[in-house]
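Following: one structure in structure tokens, then a few remarks.
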Amino acid sequence: TTKFILFVLPKDIEKERWHGIRVGWENAHEYGSSESYPLTSFSNYFNSKISEKNVLIVDEKPAQLDSVPNIPLQKAREYLDPLRFIKSPQEIELAKKAASISNIGFRAIMKSSYPGINEHLLNAELEWECRKNGAQRLAYPPVVAGGIRANTLHYITNDKPINDGELVLVDGGAELHCFCSDVSRTWPVNGKFTREQAQIYQIVLATLNECINECRRG
């Protein structure tokens with residue numbers, strides 16, 4: 001029989017005044033748990049049950065195991081990772097929605113670009129547009145890199161002005177209910193490619209389209 005057991009912080013009016021309402025273990029069933037207990041009872045509960053198990057599946061080794069030597073451990077990701085390969089219809093819709101929100105955000109900041117704009121303004125507008133359209137946050141700290149700074153793969157300082165004639169690279173995306181999108185786009189900050197910029201852009205775009213055409217189920 002599978003059980004979902006929660007160990008939660010107790011109700012505390014003073015701490016809740018500062019940090020928000022706690023459900024308490026008495027009401028933890030609201031989250032669908034089979035059983036719930038105060039967090040302070042976790043160690044005793046854990047130690048009373050550990051001897052009954054042949055294998056413990058964990059993400060990281062709990063400190064409580066230090067007193068229980070020779071217990072076989074297996075990494076939870078060995079079981080969880082394969083489950084991520086096949087998405088349910090609901091998960092597919094969430095992934096599509098996250099990508100759609102990112103699309104809206106990118107189109108907005110492309111239109112807002114102009115020579116001299118600071119990278120941090122595009123960063124802020126991308127986050128604003130994504131949140132405004134339903135995302136809880138950005139999926140990761142975005143790269144907003146003008147000119148030569150785009151050659152730094154993980155440039156996230158995002159605090160320099162983008163000069164006339166430069167390209168701007170943005171690598172970012174929305175996160176929606178733990179589903180993350182990841183988009184990279186490059187465009188001229190003044191709205192017009194130079195001949196050389198356009199040639200390189202077309203080479204990269206053609207490569208991208210070829211890769212997409214090679215995608216197959218399985």
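Identifiers in this document derive from the order of the structure tokens: chains are assigned A, B, ..., residues are numbered from 1 separately in each chain, and ligands are numbered from 1 in order of occurrence.
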Secondary structure check, strand (DSSP E or B) residues of region 24-135 of chain A, as a PyMOL selection string:
chain A and resi 35-38+56-58+73-75+118
Near Leu73 (chain A), within 9 Å and counting only C-alpha atoms, which residues show up once chain neighbours fewer than 5 positions away are dropped, as a PyMOL selection string?
chain A and resi 55-58+61
Contacts of Gly172 (chain A) at 7 Å (only C-alpha atoms; same-chain gap of 3+ positions) as a list in words
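Listing them by chain and then by number gives Tyr140, Pro142, Val143, Asp182, Val183 and Ser184 of chain A.
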Restricting the output to all heavy atoms, write the selected residues as an mmCIF file, in the first residue's frame.
data_model
loop_
_atom_site.group_PDB
_atom_site.id
_atom_site.type_symbol
_atom_site.label_atom_id
_atom_site.label_comp_id
_atom_site.auth_asym_id
_atom_site.auth_seq_id
_atom_site.Cartn_x
_atom_site.Cartn_y
_atom_site.Cartn_z
ATOM 1 N N TYR A 140 14.893 30.656 -15.627
ATOM 2 C CA TYR A 140 16.279 30.763 -15.179
ATOM 3 C C TYR A 140 16.731 32.201 -15.418
ATOM 4 O O TYR A 140 16.076 32.945 -16.165
ATOM 5 C CB TYR A 140 17.184 29.783 -15.943
ATOM 6 C CG TYR A 140 17.014 29.847 -17.441
ATOM 7 C CD1 TYR A 140 17.788 30.724 -18.221
ATOM 8 C CD2 TYR A 140 16.074 29.058 -18.094
ATOM 9 C CE1 TYR A 140 17.622 30.801 -19.592
ATOM 10 C CE2 TYR A 140 15.907 29.116 -19.457
ATOM 11 C CZ TYR A 140 16.687 29.998 -20.214
ATOM 12 O OH TYR A 140 16.522 30.077 -21.567
ATOM 13 N N PRO A 142 18.003 35.104 -17.229
ATOM 14 C CA PRO A 142 18.166 35.196 -18.676
ATOM 15 C C PRO A 142 19.496 35.833 -19.080
ATOM 16 O O PRO A 142 20.092 36.605 -18.330
ATOM 17 C CB PRO A 142 17.002 36.088 -19.098
ATOM 18 C CG PRO A 142 16.773 36.962 -17.912
ATOM 19 C CD PRO A 142 17.052 36.093 -16.712
ATOM 20 N N VAL A 143 19.944 35.479 -20.261
ATOM 21 C CA VAL A 143 21.060 36.166 -20.908
ATOM 22 C C VAL A 143 20.466 37.272 -21.769
ATOM 23 O O VAL A 143 19.621 37.012 -22.628
ATOM 24 C CB VAL A 143 21.872 35.199 -21.788
ATOM 25 C CG1 VAL A 143 22.938 35.968 -22.583
ATOM 26 C CG2 VAL A 143 22.497 34.098 -20.957
ATOM 27 N N ASP A 182 12.646 27.425 -22.908
ATOM 28 C CA ASP A 182 14.027 27.878 -23.094
ATOM 29 C C ASP A 182 14.152 28.364 -24.535
ATOM 30 O O ASP A 182 14.135 27.565 -25.467
ATOM 31 C CB ASP A 182 14.980 26.718 -22.808
ATOM 32 C CG ASP A 182 16.442 27.118 -22.854
ATOM 33 O OD1 ASP A 182 16.759 28.159 -23.468
ATOM 34 O OD2 ASP A 182 17.270 26.389 -22.290
ATOM 35 N N VAL A 183 14.265 29.659 -24.713
ATOM 36 C CA VAL A 183 14.261 30.262 -26.045
ATOM 37 C C VAL A 183 15.497 31.141 -26.209
ATOM 38 O O VAL A 183 15.868 31.881 -25.292
ATOM 39 C CB VAL A 183 12.995 31.114 -26.260
ATOM 40 C CG1 VAL A 183 12.991 31.734 -27.664
ATOM 41 C CG2 VAL A 183 11.738 30.284 -26.037
ATOM 42 N N SER A 184 16.141 31.067 -27.365
ATOM 43 C CA SER A 184 17.248 31.973 -27.702
ATOM 44 C C SER A 184 16.939 32.657 -29.028
ATOM 45 O O SER A 184 16.615 31.979 -30.007
ATOM 46 C CB SER A 184 18.572 31.203 -27.818
ATOM 47 O OG SER A 184 18.959 30.660 -26.579
#
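Between CA of Asn44 (chain A) and CA of Gln74 (chain A) there is a distance of 22.0 Å.
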Step one, run DSSP on the backbone; step two, keep only residues of region 58-187 of chain A assigned to helix (DSSP H, G or I); then write them as a PyMOL selection string.
chain A and resi 63-67+77-83+89-112+119-132+147-151
Suppose you want the space between CA of His177 (chain A) and CA of Leu9 (chain A); what is it in Å?
23.9 Å
Quick one: everything within 10 Å of Asp12 (chain A), counting only C-alpha atoms, minus sequence neighbours fewer than 5 positions away in the same chain. Send it as number ranges by chain.
A: 17, 20-24
Write out the residues from the selection above, keeping N, CA, C and O atoms, as a short mmCIF file (atom, residue, chain, number, x, y, z; two decimals), in the first residue's frame.
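And here's again_31.cif as it stands now:
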data_model
loop_
_atom_site.label_atom_id
_atom_site.label_comp_id
_atom_site.auth_asym_id
_atom_site.auth_seq_id
_atom_site.Cartn_x
_atom_site.Cartn_y
_atom_site.Cartn_z
N ARG A 17 2.46 35.58 11.69
CA ARG A 17 2.29 37.02 11.49
C ARG A 17 3.40 37.58 10.61
O ARG A 17 3.18 38.49 9.81
N GLY A 20 3.61 34.23 7.15
CA GLY A 20 2.47 33.66 6.46
C GLY A 20 1.85 32.48 7.19
O GLY A 20 2.44 31.89 8.10
N ILE A 21 0.65 32.14 6.77
CA ILE A 21 -0.14 31.12 7.46
C ILE A 21 0.44 29.73 7.25
O ILE A 21 0.86 29.37 6.16
N ARG A 22 0.47 28.95 8.30
CA ARG A 22 0.83 27.54 8.25
C ARG A 22 -0.44 26.70 8.38
O ARG A 22 -1.31 27.01 9.19
N VAL A 23 -0.51 25.62 7.63
CA VAL A 23 -1.70 24.77 7.73
C VAL A 23 -1.67 23.93 9.00
O VAL A 23 -2.71 23.55 9.53
N GLY A 24 -0.44 23.63 9.50
CA GLY A 24 -0.35 22.76 10.67
C GLY A 24 -0.59 21.31 10.29
O GLY A 24 -1.22 21.02 9.27
#
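The nearest approach to Thr157 (chain A) among the residues A:Arg84, A:Lys132, A:His120, A:Lys192, with only C-alpha atoms taken into account, belongs to A:His120.
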Quote the spacing between CA of Tyr114 (chain A) and CA of Ile162 (chain A) in Å to one decimal place.
8.2 Å
Using only C-alpha atoms, determine which residues lie at most 8 Å from Leu126 (chain A), disregarding the query and same-chain residues fewer than 4 positions distant; provide the list as a CSV table (one decimal) with C-alpha atoms, in the first residue's frame.
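That gives us part_31.csv:
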chain,number,residue,atom,x,y,z
A,105,GLY,CA,7.5,38.0,-24.0
A,106,PHE,CA,10.1,37.8,-26.8
A,108,ALA,CA,7.3,42.4,-26.8
A,109,ILE,CA,11.0,43.0,-26.1
A,122,LEU,CA,14.9,44.2,-21.7
A,130,CYS,CA,5.9,36.5,-18.9
Between A:Glu35, A:Asp59, A:Glu196, A:Glu93, which has the minimum distance to Asp81 (chain A) (counting only C-alpha atoms)?
A:Asp59
With a distance cut-off of 9 Å and only C-alpha atoms, select the neighbouring residues of Pro161 (chain A), excluding the residue or stretch itself and same-chain residues fewer than 6 positions from it, and output the selection as number ranges by chain.
A: 115-120, 146
Can I get the selected residues back with N, CA and C atoms, as a PDB file, in the first residue's frame?
ATOM      1  N   PRO A 115      18.372  51.623 -30.129  1.00  0.00           N
ATOM      2  CA  PRO A 115      19.780  51.896 -29.840  1.00  0.00           C
ATOM      3  C   PRO A 115      19.944  52.637 -28.522  1.00  0.00           C
ATOM      4  N   GLY A 116      20.838  52.130 -27.689  1.00  0.00           N
ATOM      5  CA  GLY A 116      21.103  52.752 -26.392  1.00  0.00           C
ATOM      6  C   GLY A 116      20.333  52.145 -25.242  1.00  0.00           C
ATOM      7  N   ILE A 117      19.355  51.291 -25.512  1.00  0.00           N
ATOM      8  CA  ILE A 117      18.593  50.686 -24.424  1.00  0.00           C
ATOM      9  C   ILE A 117      19.521  49.816 -23.581  1.00  0.00           C
ATOM     10  N   ASN A 118      19.300  49.823 -22.281  1.00  0.00           N
ATOM     11  CA  ASN A 118      20.121  49.014 -21.395  1.00  0.00           C
ATOM     12  C   ASN A 118      19.595  47.583 -21.355  1.00  0.00           C
ATOM     13  N   GLU A 119      20.521  46.654 -21.281  1.00  0.00           N
ATOM     14  CA  GLU A 119      20.148  45.242 -21.246  1.00  0.00           C
ATOM     15  C   GLU A 119      19.179  44.940 -20.109  1.00  0.00           C
ATOM     16  N   HIS A 120      19.358  45.600 -18.969  1.00  0.00           N
ATOM     17  CA  HIS A 120      18.508  45.262 -17.818  1.00  0.00           C
ATOM     18  C   HIS A 120      17.050  45.659 -18.052  1.00  0.00           C
ATOM     19  N   GLY A 146      24.261  42.395 -25.446  1.00  0.00           N
ATOM     20  CA  GLY A 146      24.436  43.211 -26.635  1.00  0.00           C
ATOM     21  C   GLY A 146      25.847  43.115 -27.173  1.00  0.00           C
TER      22      GLY A 146
END
